[in-house]
Protein chains: 2
Amino acid sequence: MAKEKLVKAITSMDEDFAKWYTDVVIKAELIDYASVKGCMIIRPYGWAIWENIQRIMDGMFKETGHENVSMPMFIPESLLQKEKDHVEGFAPEVAWVTHGGAEKLEERLCVRPTSETLFCDHYKNIIHSWRDLPKLYNQWCSVVRWEKTTRPFLRSREFHWQEGHTIHATAEEAQAETIQMLNVYAEFAEKYLAMPVIKGVKTEKERFAGAVDTYTIEAMMHDGKALQSGTSHFFGDGFAKAFGIQFTDKDNKQATPFQTSWGVSTRLIGAIIMTHGDDNGLVLPPAVAPIQLVVIPIASHKEGVTEKATEVYEKLKKVCRAKIDNSDNSPGWKFAEYEMKGVPLRLELGPRDIENNQCVLVRRDNGEKVVVSLDELETKVPEMLEAVRDGLYNKALANRSEKTYVATTMEEMIQIADNKPGFIKAMWCEDRACEEALKEKAGVSSRCMPFEQEKLTDKCICCGRPAKKMVYWGKAY
Amino acid sequence: MAKEKLVKAITSMDEDFAKWYTDVVIKAELIDYASVKGCMIIRPYGWAIWENIQRIMDGMFKETGHENVSMPMFIPESLLQKEKDHVEGFAPEVAWVTHGGAEKLEERLCVRPTSETLFCDHYKNIIHSWRDLPKLYNQWCSVVRWEKTTRPFLRSREFHWQEGHTIHATAEEAQAETIQMLNVYAEFAEKYLAMPVIKGVKTEKERFAGAVDTYTIEAMMHDGKALQSGTSHFFGDGFAKAFGIQFTDKDNKQATPFQTSWGVSTRLIGAIIMTHGDDNGLVLPPAVAPIQLVVIPIASHKEGVTEKATEVYEKLKKVCRAKIDNSDNSPGWKFAEYEMKGVPLRLELGPRDIENNQCVLVRRDNGEKVVVSLDELETKVPEMLEAVRDGLYNKALANRSEKTYVATTMEEMIQIADNKPGFIKAMWCEDRACEEALKEKAGVSSRCMPFEQEKLTDKCICCGRPAKKMVYWGKAY
């Protein structure tokens with residue numbers, strides 16, 4: 001049967017999770033490899049997921065008062081160098097433009113790896129008085145980082161993202177913005193991607209280049225590895241000082257403003273795949289699925305089936321993103337195809353269903369089949385889409401709970417890290433040397449210091465000195 | 001008065017049209033200049049116009065069956081070189097990436113000036129059978145062309161656009177697509193931008209590098225100069241052959257497919273400015289205006305004014321993109337500010353208006369003031385927005401008619417070209433030498449051979465041999 005053939009076309013998750021992942025991105029037609037090493041072509045089905053993410057998230061940004069802008073894609077070398085930590089972090093991995101046509105440029109330009117320096121340069125031009133503050137800007141674009149090893153969506157030389165850049169009169173306001181946007185990311189991940197996340201702050205070692213504090217949402221993938229899914233940075237006034245941005249405050253004095261930046265990327269598509277996918281392929285959260293329901297006529301050569309299926313489709317188009325597949329492929333082939341593509345609901349309609357004024361709805365997440373009266377479809381389908389979202393969320397949460405461990409000694413830490421992929425909660429003294437020792441001995445990095453702190457023991461797991469923070473440790477993408 | 005001060009802050013159109021243009025783009029806060037020469041920062045108000053253009057046009061693309069994709073921003077040098085005419089046209093003006101971090105790349109990459117070569121490379125991978133055709137793809141992105149002289153929106157080294165790239169089993173189908181998309185562009189320009197355009201085909205000299213035919217919509221700016229506002233190209237099978245794209249047709253034979261591409265860019269924002277703007281600043285067509293109506297309370301310190309104005313604003317938010325300005329600036333300052341920003345309608349509401357249950361609506365395009373009952377606002381405002389669109393369209397059409405001339409001899413052509421900026425209709429033999437002679441002697445280029453042909457005389461205006469086409473000639477941006 002065609003279905004079995006297709007299913008067998010992808011590696012099973014348990015056999016080789018990395019191979020399963022690349023099989024899914026190709027077979028579900030999310031990407032194609034490009035002639036440019038380390039870059040990817042995002043195909044219509046993959047891009048439609050990103051468009052849905054953009055649309056929802058952009059609405060959330062605008063509701064919180066942000067405006068979109070567009071900065072150039074190039075940064076002159078001298079501009080990139082203005083903030084010392086920042087250039088150290090990014091210069092080793094930027095792509096350099098050296099020639100325009102046949103002429104050598106007077107100054108090299110890098111293709112933006114991130115746009116803090118461009119925003120600072122612009123802010124210096126447009127900010128003069130407290131009346132000009134805050135500026136709450138965002139841009140949707142692609143950026144380039146010349147990575148050595150790449151994987152579709154997770155790490156590619158060019159990737160799409162949004163980068164918010166805001167500037168405020170006070171540190172308190174900028175800090176509040178940083179946390180607000182982290183909360184927006186967490187809400188988006190949990191509500192729309194059905195992906196539970198842990199909110200916390202990064203250690204100094206894992207901070208963004210140039211930031212005072214980096215906040216993060218960390219998700220756990222099906223295989224127990226962590227995926228940093230969005231970050232929000234508080235810059236203090238470091239960038240403003242480096243770029244000479246000043247404003248006249250309400251007391252008519254010169255003051256230095258405070259900045260933030262925050263971003264999520266097409267990495268989120270990788271997160272969706274690895275959080276919800278299974279051996280039949282992709283499983284998409286309904287909110288971002290390009291097709292939320294596919295109508296598949298059964299025995300469509302029989303009189304009236306295609307007509308009725310079309311009628312049902314036309315009705316459902318108004319309540320969800322529906323598609324009908326009237327192609328001459330077999331129902332079995334179609335089942336496998338839309339399972340591979342992760343369509344949340346399948347609607348089967350055959351001659352007997354029509355006689356009984358009903359159809360069968362099948363959930364992609366758990367295979368559950370429900371017989372539904374055709375008269376109730378318009379209320380039942382949105383309910384079932386919501387149920388799919390809840391099902392996905394709970395499954396992902398259960399996976400995370402199951403794979404979250406506590407370590408109180410180094411031996412335990414190493415033992416868990418070697419044998420049980422997942423998050424490991426352990427106490428830490430805040431000394432970077434201990435963090436580095438954990439990396440070396442157990443192969444784990446600090447994922448975050450969660451907002452929800454617990455006191456597991458009094459002592460740092462590494463050095464035994466008094467502990468200051470509980471940290472989530474783990475292996476990460 | 002503040003208003004006068006602001007108005008005087010921009011050069012008048014008649015005094016210096018080029019200076020007026022740059023004054024408007026800066027004072028209306030559409031752009032800021034960037035540290036990267038020839039690139040621009042598109043500010044929130046400018047970017048919101050582009051977002052509106054994108055939203056409407058993307059809907060039109062999807063209605064005609066197109067899907068969005070995302071190609072890499074880099075093209076390896078060897079890939080760019082595959083189609084001979086194409087590389088000759090673009091290689092002199094591309095930006096070259098030569099280094100990734102500290103390492104020199106094995107092969108130079110250009111930042112895409114346009115993406116035909118990337119699409120062809122992808123099509124070769126994914127097209128095998130007639131069942132895979134057509135592919136109707138589009139992407140929204142920015143491209144780079146290393147221009148010597150630049151002007152905001154009209155010609156910049158990086159600019160934003162959409163590029164459609166389609167591939168078909170037959171030449172007829174590809175030709176129909178080319179014309180269909182030209183018609184989409186023309187409809188968009190006329191209906192949403194209130195900008196009349198002439199549809200036609202480019203001469204061989206003006207064709208896109210690698211195209212068999214280039215179709216265009218040409219608009220006339222306020223100063224009589226032409227602006228090429230959108231192009232649609234039929235490629236025949238040239239690219240497919242150069243890239244070795246083949247498919248198995250219905251008769252099981254190997255066949256070569258046919259291609260098109262089509263694009264419009266942020267140039268359209270320049271077109272809007274120069275078609276509709278006036279000495280008070282920008283004038284925006286309602287369909288793409290970020291703010292369609294601004295509510296300005298008059299004597300807002302008087303009891304009840306701010307409350308009533310807010311009530312009106314809340315009501316109007318549901319029928320248009322409305323804004324209320326409750327700032328402490330004077331009404332005169334606000335009038336000038338929103339005139340500069342081209343907001344189509346201004347709503348003034350003062351204590352006496354409130355007593356009479358009315359307000360004053362002022363049209364940006366012609367200054368017309370109408371007293372409207374507060375009870376009728378929700379129907380009256382959309383009507384007036386439509387009237388502004390019609391008013392703008394008719395004014396632009398009148399400008400074009402007035403500045404369209406006929407020349408039947410070279411003397412006439414030179415005389416008109418030297419003294420009357422505008423379109424000049426004249427007959428042509430289709431010989432490139434005559435086209436070049438017209439450029440040299442009269443300083444005009446062929447804008448297009450319009451679909452609506454007229455027979456002005458029998459002879460080519462240049463050489464006197466039998467004429468084959470009527471051409472629109474002119475000076476262009």
# chains A, B, ... in the order shown; residues from 1 in each chain; ligands from 1

call {"tool": "residues_around", "arguments": {"residues": "segment 457-469 of chain A", "least_positions_apart": "3", "cutoff": "8 Å", "atoms": "only C-alpha atoms", "output": "VMD selection string"}}
result
chain A and resid 407 to 410 426 to 430 434 437 to 438 449 453

call {"tool": "residues_around", "arguments": {"residues": "Ala322 of chain A", "least_positions_apart": "3", "cutoff": "8 Å", "atoms": "only C-alpha atoms", "output": "MDAnalysis selection string"}}
result
chainID A and resid 291:295 313 316:317

call {"tool": "interface_residues", "arguments": {"of": "chain A", "to": "chain B", "cutoff": "7 Å", "atoms": "only C-alpha atoms", "output": "CSV table (one decimal) with C-alpha atoms, in the first residue's frame"}}
result
chain,number,residue,atom,x,y,z
A,36,VAL,CA,25.0,28.0,-1.5
A,39,CYS,CA,21.8,28.2,3.1
A,40,MET,CA,18.4,26.8,2.5
A,41,ILE,CA,15.4,27.3,0.2
A,42,ILE,CA,12.2,27.5,2.2
A,43,ARG,CA,9.5,25.9,0.1
A,44,PRO,CA,5.9,27.1,0.0
A,47,TRP,CA,7.3,29.4,4.2
A,67,GLU,CA,6.4,49.6,15.0
A,68,ASN,CA,8.1,47.9,12.1
A,69,VAL,CA,11.1,49.5,10.3
A,70,SER,CA,13.6,48.4,7.8
A,71,MET,CA,17.4,48.8,8.2
A,72,PRO,CA,20.0,48.2,5.5
A,74,PHE,CA,25.0,45.9,5.4
A,75,ILE,CA,27.1,47.3,8.3
A,76,PRO,CA,30.3,49.2,7.6
A,91,ALA,CA,33.1,39.5,13.8
A,92,PRO,CA,34.5,36.0,13.6
A,93,GLU,CA,31.3,34.8,11.9
A,94,VAL,CA,30.2,37.5,9.5
A,95,ALA,CA,30.2,37.5,5.7
A,96,TRP,CA,32.2,40.3,4.2
A,97,VAL,CA,31.3,42.3,1.1
A,98,THR,CA,34.5,43.6,-0.4
A,99,HIS,CA,33.6,44.6,-4.0
A,100,GLY,CA,30.7,46.5,-5.7
A,101,GLY,CA,30.7,45.4,-9.3
A,102,ALA,CA,34.4,45.5,-10.4
A,146,TRP,CA,29.0,32.1,8.8

call {"tool": "select_by_dssp", "arguments": {"residues": "segment 47-181 of chain B", "states": "alpha helix (DSSP H)", "output": "MDAnalysis selection string"}}
result
chainID B and resid 47:63 77:80 84:90 116:126 171:181

call {"tool": "residues_around", "arguments": {"residues": "Arg364 of chain B", "least_positions_apart": "5", "cutoff": "10 Å", "atoms": "only C-alpha atoms", "output": "PyMOL selection string"}}
result
chain B and resi 280+282-285+293+338-346+369+388+392

call {"tool": "write_last_selection", "arguments": {"atoms": "N, CA and C atoms", "output": "PDB file, in the first residue's frame"}}
result
ATOM      1  N   ASN B 280       2.485  71.073   0.227  1.00  0.00           N
ATOM      2  CA  ASN B 280       2.315  70.851   1.667  1.00  0.00           C
ATOM      3  C   ASN B 280       2.859  69.497   2.108  1.00  0.00           C
ATOM      4  N   LEU B 282       3.382  65.171   1.487  1.00  0.00           N
ATOM      5  CA  LEU B 282       2.904  63.906   0.947  1.00  0.00           C
ATOM      6  C   LEU B 282       1.380  63.936   0.806  1.00  0.00           C
ATOM      7  N   VAL B 283       0.855  63.216  -0.220  1.00  0.00           N
ATOM      8  CA  VAL B 283      -0.595  62.982  -0.298  1.00  0.00           C
ATOM      9  C   VAL B 283      -0.763  61.497  -0.571  1.00  0.00           C
ATOM     10  N   LEU B 284      -1.353  60.775   0.375  1.00  0.00           N
ATOM     11  CA  LEU B 284      -1.389  59.315   0.237  1.00  0.00           C
ATOM     12  C   LEU B 284      -2.733  58.810  -0.269  1.00  0.00           C
ATOM     13  N   PRO B 285      -2.704  57.863  -1.201  1.00  0.00           N
ATOM     14  CA  PRO B 285      -3.939  57.187  -1.591  1.00  0.00           C
ATOM     15  C   PRO B 285      -4.466  56.407  -0.375  1.00  0.00           C
ATOM     16  N   LEU B 293      -7.391  58.576   8.533  1.00  0.00           N
ATOM     17  CA  LEU B 293      -8.110  59.724   9.074  1.00  0.00           C
ATOM     18  C   LEU B 293      -7.514  60.084  10.434  1.00  0.00           C
ATOM     19  N   TYR B 338      -0.057  66.609   9.739  1.00  0.00           N
ATOM     20  CA  TYR B 338      -0.740  65.512   9.044  1.00  0.00           C
ATOM     21  C   TYR B 338      -0.914  65.794   7.564  1.00  0.00           C
ATOM     22  N   GLU B 339      -0.860  67.069   7.193  1.00  0.00           N
ATOM     23  CA  GLU B 339      -0.795  67.383   5.761  1.00  0.00           C
ATOM     24  C   GLU B 339       0.539  66.908   5.217  1.00  0.00           C
ATOM     25  N   MET B 340       1.617  67.223   5.934  1.00  0.00           N
ATOM     26  CA  MET B 340       2.950  66.774   5.513  1.00  0.00           C
ATOM     27  C   MET B 340       2.975  65.255   5.356  1.00  0.00           C
ATOM     28  N   LYS B 341       2.299  64.564   6.257  1.00  0.00           N
ATOM     29  CA  LYS B 341       2.316  63.095   6.209  1.00  0.00           C
ATOM     30  C   LYS B 341       1.273  62.526   5.253  1.00  0.00           C
ATOM     31  N   GLY B 342       0.499  63.398   4.619  1.00  0.00           N
ATOM     32  CA  GLY B 342      -0.395  62.951   3.546  1.00  0.00           C
ATOM     33  C   GLY B 342      -1.624  62.196   4.002  1.00  0.00           C
ATOM     34  N   VAL B 343      -2.026  62.371   5.270  1.00  0.00           N
ATOM     35  CA  VAL B 343      -3.215  61.667   5.777  1.00  0.00           C
ATOM     36  C   VAL B 343      -4.449  62.112   4.969  1.00  0.00           C
ATOM     37  N   PRO B 344      -5.164  61.185   4.352  1.00  0.00           N
ATOM     38  CA  PRO B 344      -6.241  61.547   3.410  1.00  0.00           C
ATOM     39  C   PRO B 344      -7.358  62.406   4.005  1.00  0.00           C
ATOM     40  N   LEU B 345      -7.756  62.127   5.252  1.00  0.00           N
ATOM     41  CA  LEU B 345      -8.854  62.898   5.844  1.00  0.00           C
ATOM     42  C   LEU B 345      -8.482  63.407   7.225  1.00  0.00           C
ATOM     43  N   ARG B 346      -8.891  64.677   7.484  1.00  0.00           N
ATOM     44  CA  ARG B 346      -8.729  65.251   8.815  1.00  0.00           C
ATOM     45  C   ARG B 346     -10.110  65.516   9.380  1.00  0.00           C
ATOM     46  N   LYS B 369     -13.798  71.043   2.494  1.00  0.00           N
ATOM     47  CA  LYS B 369     -14.296  70.849   3.853  1.00  0.00           C
ATOM     48  C   LYS B 369     -15.763  70.492   3.811  1.00  0.00           C
ATOM     49  N   VAL B 388     -11.584  60.564  -2.225  1.00  0.00           N
ATOM     50  CA  VAL B 388     -10.189  61.017  -2.285  1.00  0.00           C
ATOM     51  C   VAL B 388      -9.437  60.201  -3.330  1.00  0.00           C
ATOM     52  N   LEU B 392      -7.744  61.810  -6.608  1.00  0.00           N
ATOM     53  CA  LEU B 392      -6.316  61.663  -6.904  1.00  0.00           C
ATOM     54  C   LEU B 392      -6.110  61.058  -8.283  1.00  0.00           C
TER      55      LEU B 392
END

call {"tool": "closest_residue", "arguments": {"among": "B:Val305, B:Val201, B:Leu347, B:Leu193", "to": "Ile179 of chain B", "atoms": "only C-alpha atoms"}}
result
B:Val201

call {"tool": "decode", "arguments": {"residues": "segment 29-147 of chain B", "atoms": "C-alpha atoms", "output": "CSV table (one decimal), in the first residue's frame"}}
result
chain,number,residue,atom,x,y,z
B,29,GLU,CA,9.6,60.6,8.2
B,30,LEU,CA,9.6,58.0,5.5
B,31,ILE,CA,13.3,57.4,5.5
B,32,ASP,CA,16.6,58.3,7.2
B,33,TYR,CA,19.9,58.1,5.5
B,34,ALA,CA,22.1,55.2,6.6
B,35,SER,CA,25.8,55.0,7.3
B,36,VAL,CA,26.0,52.7,4.3
B,37,LYS,CA,26.2,54.9,1.2
B,38,GLY,CA,23.3,54.4,-1.2
B,39,CYS,CA,21.2,52.5,1.3
B,40,MET,CA,18.3,53.8,3.3
B,41,ILE,CA,16.5,53.3,6.6
B,42,ILE,CA,12.8,53.0,6.0
B,43,ARG,CA,11.2,54.5,9.1
B,44,PRO,CA,7.9,53.2,10.6
B,45,TYR,CA,5.7,55.6,8.6
B,46,GLY,CA,7.4,54.6,5.3
B,47,TRP,CA,7.5,50.9,6.1
B,48,ALA,CA,3.8,50.9,7.0
B,49,ILE,CA,3.0,52.1,3.5
B,50,TRP,CA,5.1,49.2,2.1
B,51,GLU,CA,3.3,46.8,4.5
B,52,ASN,CA,-0.1,48.0,3.1
B,53,ILE,CA,1.2,47.5,-0.5
B,54,GLN,CA,2.4,44.1,0.4
B,55,ARG,CA,-0.8,43.0,2.1
B,56,ILE,CA,-3.0,44.0,-0.8
B,57,MET,CA,-0.7,42.7,-3.5
B,58,ASP,CA,0.0,39.5,-1.7
B,59,GLY,CA,-3.7,38.9,-1.6
B,60,MET,CA,-3.9,39.4,-5.4
B,61,PHE,CA,-1.0,37.0,-5.9
B,62,LYS,CA,-2.6,34.3,-3.8
B,63,GLU,CA,-6.0,34.8,-5.5
B,64,THR,CA,-4.2,34.1,-8.8
B,65,GLY,CA,-2.8,30.9,-7.4
B,66,HIS,CA,0.7,32.0,-6.4
B,67,GLU,CA,2.6,30.7,-3.4
B,68,ASN,CA,5.4,32.4,-1.5
B,69,VAL,CA,8.8,30.9,-1.0
B,70,SER,CA,12.2,32.1,0.3
B,71,MET,CA,15.5,31.7,-1.7
B,72,PRO,CA,18.9,32.4,-0.2
B,73,MET,CA,20.3,35.9,-0.6
B,74,PHE,CA,23.5,34.7,-2.1
B,75,ILE,CA,24.3,33.4,-5.6
B,76,PRO,CA,27.5,31.6,-6.3
B,77,GLU,CA,29.4,33.2,-9.1
B,78,SER,CA,29.2,30.1,-11.3
B,79,LEU,CA,25.5,30.0,-10.9
B,80,LEU,CA,25.0,33.6,-11.9
B,81,GLN,CA,27.1,32.9,-15.0
B,82,LYS,CA,24.9,30.1,-16.4
B,83,GLU,CA,22.6,32.3,-18.5
B,84,LYS,CA,24.8,34.5,-20.7
B,85,ASP,CA,22.6,37.6,-21.3
B,86,HIS,CA,21.6,37.6,-17.7
B,87,VAL,CA,25.1,37.7,-16.2
B,88,GLU,CA,26.2,40.4,-18.7
B,89,GLY,CA,23.3,42.5,-17.5
B,90,PHE,CA,23.8,42.1,-13.8
B,91,ALA,CA,27.5,41.2,-13.1
B,92,PRO,CA,28.7,44.8,-13.4
B,93,GLU,CA,26.5,46.0,-10.6
B,94,VAL,CA,26.5,43.2,-7.9
B,95,ALA,CA,28.0,43.3,-4.4
B,96,TRP,CA,30.5,40.4,-3.9
B,97,VAL,CA,31.0,38.5,-0.7
B,98,THR,CA,34.5,37.2,-0.6
B,99,HIS,CA,35.1,36.2,3.0
B,100,GLY,CA,33.2,34.3,5.7
B,101,GLY,CA,34.7,35.4,9.1
B,102,ALA,CA,38.4,35.4,8.6
B,103,GLU,CA,38.4,32.9,5.8
B,104,LYS,CA,38.5,33.6,2.1
B,105,LEU,CA,35.6,31.8,0.3
B,106,GLU,CA,36.5,29.2,-2.4
B,107,GLU,CA,34.0,30.8,-4.7
B,108,ARG,CA,32.7,34.4,-4.5
B,109,LEU,CA,29.1,34.9,-3.8
B,110,CYS,CA,27.1,37.8,-5.0
B,111,VAL,CA,24.2,39.3,-3.0
B,112,ARG,CA,21.2,38.6,-5.3
B,113,PRO,CA,20.4,41.4,-7.7
B,114,THR,CA,17.4,39.3,-8.8
B,115,SER,CA,16.8,35.6,-8.3
B,116,GLU,CA,16.2,33.9,-11.7
B,117,THR,CA,19.3,31.8,-11.3
B,118,LEU,CA,18.3,30.6,-7.8
B,119,PHE,CA,14.8,29.7,-8.9
B,120,CYS,CA,16.2,27.8,-12.0
B,121,ASP,CA,18.6,25.9,-9.8
B,122,HIS,CA,15.6,24.9,-7.5
B,123,TYR,CA,13.3,24.1,-10.4
B,124,LYS,CA,15.9,21.7,-11.8
B,125,ASN,CA,15.7,19.8,-8.5
B,126,ILE,CA,11.9,19.7,-8.1
B,127,ILE,CA,10.5,19.4,-11.6
B,128,HIS,CA,10.4,16.0,-13.2
B,129,SER,CA,7.0,15.4,-14.7
B,130,TRP,CA,4.2,17.5,-16.2
B,131,ARG,CA,2.4,16.8,-12.9
B,132,ASP,CA,5.0,19.1,-11.2
B,133,LEU,CA,3.9,22.0,-13.5
B,134,PRO,CA,3.2,24.9,-13.3
B,135,LYS,CA,5.0,26.3,-10.3
B,136,LEU,CA,3.7,29.7,-9.5
B,137,TYR,CA,6.1,31.2,-6.9
B,138,ASN,CA,6.7,34.6,-5.5
B,139,GLN,CA,9.1,36.0,-2.9
B,140,TRP,CA,9.2,39.2,-0.9
B,141,CYS,CA,12.7,40.2,-0.1
B,142,SER,CA,15.4,42.8,-0.7
B,143,VAL,CA,17.9,42.8,-3.5
B,144,VAL,CA,21.2,44.6,-4.1
B,145,ARG,CA,22.5,46.5,-7.2
B,146,TRP,CA,25.6,48.6,-6.8
B,147,GLU,CA,24.3,51.8,-8.4
